$ cat protein-v6.txt   # compact mmCIF, C-alpha atoms
# COMPACT_ATOMS: atom_id res chain seq x y z
CA MET A 1 72.24 14.00 114.29
CA ARG A 2 74.21 11.50 112.27
CA MET A 3 74.96 11.34 108.57
CA TRP A 4 76.04 7.89 107.41
CA MET A 5 77.12 9.20 103.99
CA LEU A 6 76.84 5.69 102.52
CA PRO A 7 75.16 4.85 99.23
CA PRO A 8 71.44 4.44 99.99
CA LYS A 9 71.40 1.17 98.04
CA ILE A 10 73.35 -0.47 100.88
CA MET A 11 71.16 1.00 103.63
CA CYS A 12 67.81 -0.28 104.90
CA SER A 13 64.76 1.94 104.54
CA LYS A 14 64.72 2.56 108.30
CA HIS A 15 68.20 4.09 108.25
CA ILE A 16 67.51 6.08 105.08
CA ALA A 17 64.34 7.56 106.60
CA GLY A 18 66.07 8.11 109.94
CA GLU A 19 69.02 9.97 108.45
CA HIS A 20 66.67 12.02 106.27
CA GLY A 21 64.51 12.97 109.25
CA GLU A 22 67.54 14.16 111.16
CA PHE A 23 68.11 16.94 108.62
CA HIS A 24 64.69 18.43 109.31
CA LYS A 25 64.76 17.72 113.04
CA HIS A 26 68.06 19.51 113.59
CA LEU A 27 67.80 22.37 111.11
CA HIS A 28 66.88 24.75 113.94
CA ASN A 29 70.26 24.04 115.59
CA PHE A 30 72.01 25.58 112.59
CA THR A 31 69.48 28.41 112.28
CA LYS A 32 70.09 29.28 115.94
CA LYS A 33 73.85 28.97 115.36
CA HIS A 34 74.40 26.24 117.95
CA SER A 35 77.80 24.62 118.26
CA ILE A 36 78.31 21.32 116.46
CA LYS A 37 81.72 20.65 117.99
CA GLY A 38 80.60 17.33 119.49
CA ARG A 39 79.45 16.11 116.07
CA VAL A 40 82.59 17.04 114.13
CA THR A 41 85.45 16.27 116.52
CA GLY A 42 86.62 12.78 117.41
CA GLU A 43 84.24 10.51 115.50
CA VAL A 44 82.83 12.86 112.86
CA GLN A 45 79.08 12.29 112.60
CA ILE A 46 78.04 15.00 110.14
CA GLU A 47 79.32 16.73 107.03
CA PRO A 48 77.86 20.23 107.23
CA LEU A 49 78.75 21.25 103.68
CA ALA A 50 77.09 18.12 102.28
CA MET A 51 73.75 18.46 104.07
CA LYS A 52 71.62 19.71 101.14
CA ALA A 53 73.10 17.26 98.63
CA ARG A 54 72.77 14.35 101.06
CA HIS A 55 69.18 15.29 101.93
CA ASP A 56 68.29 15.36 98.25
CA GLU A 57 70.05 12.03 97.59
CA LEU A 58 68.15 10.32 100.40
CA SER A 59 64.88 11.91 99.32
CA LYS A 60 65.03 10.01 96.03
CA TYR A 61 64.86 6.73 97.97
CA LEU A 62 61.83 7.63 100.07
CA LYS A 63 58.43 6.57 98.75
CA VAL A 64 56.60 9.67 99.98
CA HIS A 65 58.61 12.82 100.31
CA VAL A 66 57.29 16.32 100.02
CA SER A 67 59.74 18.25 102.18
CA ALA A 68 62.34 20.59 100.78
CA TYR A 69 65.59 21.34 102.55
CA GLU A 70 67.27 24.70 102.36
CA MET A 71 70.95 24.70 103.18
CA PRO A 72 71.44 26.67 106.40
CA ASP A 73 73.99 29.44 106.71
CA LEU A 74 77.10 27.76 108.11
CA SER A 75 79.37 30.78 107.99
CA TYR A 76 79.29 31.05 111.79
CA LEU A 77 81.07 27.69 112.11
CA PRO A 78 84.85 27.41 112.23
CA VAL A 79 86.24 26.20 108.90
CA GLU A 80 87.36 22.87 110.37
CA HIS A 81 83.80 22.21 111.57
CA ARG A 82 82.21 23.23 108.24
CA GLU A 83 84.61 21.02 106.28
CA ALA A 84 84.44 17.94 108.53
CA GLU A 85 83.95 14.63 106.72
CA VAL A 86 82.44 11.38 107.93
CA ASN A 87 84.74 8.35 107.92
CA LEU A 88 82.98 5.99 105.51
CA VAL A 89 84.80 2.90 106.79
CA GLU A 90 83.55 3.63 110.31
CA SER A 91 80.02 4.19 108.98
CA ILE A 92 80.03 0.87 107.13
CA GLN A 93 81.38 -0.98 110.15
CA GLU A 94 78.84 0.58 112.51
CA LEU A 95 75.80 -0.06 110.32
CA PHE A 96 77.01 -3.58 109.53
CA ARG A 97 77.34 -4.25 113.26
CA ARG A 98 74.09 -2.72 114.42
CA CYS A 99 71.54 -3.46 111.66
CA PRO A 100 70.82 -6.88 110.16
CA ASN A 101 68.88 -5.31 107.28
CA CYS A 102 71.75 -3.00 106.32
CA ARG A 103 74.16 -5.92 106.74
CA PHE A 104 72.11 -7.98 104.29
CA LYS A 105 72.01 -5.13 101.76
CA MET A 106 75.78 -4.59 102.07
CA LEU A 107 76.53 -8.27 101.58
CA ASP A 108 74.10 -8.49 98.69
CA ALA A 109 75.80 -5.49 97.03
CA VAL A 110 79.19 -7.21 97.35
CA PHE A 111 78.32 -10.84 96.67
CA GLY A 112 75.03 -10.56 94.78
CA SER A 113 71.91 -12.56 95.29
CA LYS A 114 72.29 -16.32 95.66
CA GLU A 115 68.76 -16.96 94.37
CA GLY A 116 68.61 -19.61 91.69
CA SER A 117 71.91 -21.19 92.74
$ encode --input "protein-v6.txt" --output "C-alpha cells"
Amino acid sequence: MRMWMLPPKIMCSKHIAGEHGEFHKHLHNFTKKHSIKGRVTGEVQIEPLAMKARHDELSKYLKVHVSAYEMPDLSYLPVEHREAEVNLVESIQELFRRCPNCRFKMLDAVFGSKEGS
C-alpha cells in the first residue's frame, strides 16, 4: 500500500485510481491488526491517521465511485506508526520520475498550458 498524499490535480487518473484501490484492498490488514512497520519506517509510504480523509479526497476525482471507507481502528498501532507522515517531496520526485502522465500534469500545474502561444 502506498499513499502519495499529493493533490489529485497533479496526478494521472491511473495513480488516483490505484491509490484509492489500495485503501479497500488493504483494509483487512488493519482489521486483522497486522503490523505496518515496513510502511512507516524508513521511507514512509502511508499516513494511517489520514486514510479516511485521503480516500474521500481521491473519491471526488473518480468518475464512478460507490464505495464507502470506514476508518479502521488504529489503536493497536504504536503512536509513531499511527502518526507517520509521507514525505511529499519524495512523493513528487518518485511520481515525476516514474509516470509521464503525472509528470505532464505536474509541469502543467507549475508552468500552465502553452496552447495558443
$ residues_around --input "protein-v6.txt" --residues "segment 93-103 of chain A" --least-positions-apart "2" --cutoff "6 Å" --atoms "only C-alpha atoms" --output "mmCIF file with C-alpha atoms, in the frame of the given file"
data_model
loop_
_atom_site.group_PDB
_atom_site.id
_atom_site.type_symbol
_atom_site.label_atom_id
_atom_site.label_comp_id
_atom_site.auth_asym_id
_atom_site.auth_seq_id
_atom_site.Cartn_x
_atom_site.Cartn_y
_atom_site.Cartn_z
ATOM 1 C CA MET A 11 71.160 1.000 103.630
ATOM 2 C CA CYS A 12 67.810 -0.280 104.900
ATOM 3 C CA GLU A 90 83.550 3.630 110.310
ATOM 4 C CA SER A 91 80.020 4.190 108.980
ATOM 5 C CA LYS A 105 72.010 -5.130 101.760
ATOM 6 C CA MET A 106 75.780 -4.590 102.070
#
$ closest_residue --input "protein-v6.txt" --among "A:Leu62, A:Met51, A:Val44, A:Leu107" --to "Leu74 of chain A" --atoms "all atoms listed in the file"
A:Met51
$ closest_residue --input "protein-v6.txt" --among "A:Phe30, A:Lys37, A:Leu58, A:Val66" --to "His15 of chain A" --atoms "only C-alpha atoms"
A:Leu58
$ residues_around --input "protein-v6.txt" --residues "Lys32 of chain A" --least-positions-apart "3" --cutoff "12 Å" --atoms "only C-alpha atoms" --output "PDB file with C-alpha atoms, in the coordinates of the input"
ATOM      1  CA  HIS A  26      68.060  19.510 113.590  1.00  0.00           C
ATOM      2  CA  LEU A  27      67.800  22.370 111.110  1.00  0.00           C
ATOM      3  CA  HIS A  28      66.880  24.750 113.940  1.00  0.00           C
ATOM      4  CA  ASN A  29      70.260  24.040 115.590  1.00  0.00           C
ATOM      5  CA  SER A  35      77.800  24.620 118.260  1.00  0.00           C
ATOM      6  CA  ILE A  36      78.310  21.320 116.460  1.00  0.00           C
ATOM      7  CA  PRO A  72      71.440  26.670 106.400  1.00  0.00           C
ATOM      8  CA  ASP A  73      73.990  29.440 106.710  1.00  0.00           C
ATOM      9  CA  LEU A  74      77.100  27.760 108.110  1.00  0.00           C
ATOM     10  CA  TYR A  76      79.290  31.050 111.790  1.00  0.00           C
ATOM     11  CA  LEU A  77      81.070  27.690 112.110  1.00  0.00           C
TER      12      LEU A  77
END
$ atom_distance --input "protein-v6.txt" --atom1 "atom CA of His24 of chain A" --atom2 "atom CA of Ser67 of chain A"
8.7 Å
$ closest_residue --input "protein-v6.txt" --among "A:Arg39, A:His34, A:His20, A:Pro8" --to "Ile92 of chain A" --atoms "all atoms listed in the file"
A:Pro8
$ atom_distance --input "protein-v6.txt" --atom1 "atom CA of Glu22 of chain A" --atom2 "atom CA of Val110 of chain A"
28.0 Å
$ closest_residue --input "protein-v6.txt" --among "A:Ala53, A:Pro78, A:Glu19, A:Lys9" --to "Asp108 of chain A" --atoms "only C-alpha atoms"
A:Lys9
$ closest_residue --input "protein-v6.txt" --among "A:Ala68, A:Ala109, A:Tyr61, A:Asp56" --to "Lys14 of chain A" --atoms "only C-alpha atoms"
A:Tyr61
$ residues_near_point --input "protein-v6.txt" --point "(83.5, 13.1, 105.5)" --cutoff "8 Å" --atoms "only C-alpha atoms" --output "PyMOL selection string"
chain A and resi 5+44+46-47+84-88
$ atom_distance --input "protein-v6.txt" --atom1 "atom CA of Glu57 of chain A" --atom2 "atom CA of Glu83 of chain A"
19.2 Å
$ axis_aligned_box --input "protein-v6.txt" --around "segment 65-77 of chain A" --padding-each-side "4 Å" --output "JSON"
{"center_x": 69.2, "center_y": 21.9, "center_z": 106.1, "size_x": 31.8, "size_y": 26.2, "size_z": 20.1}
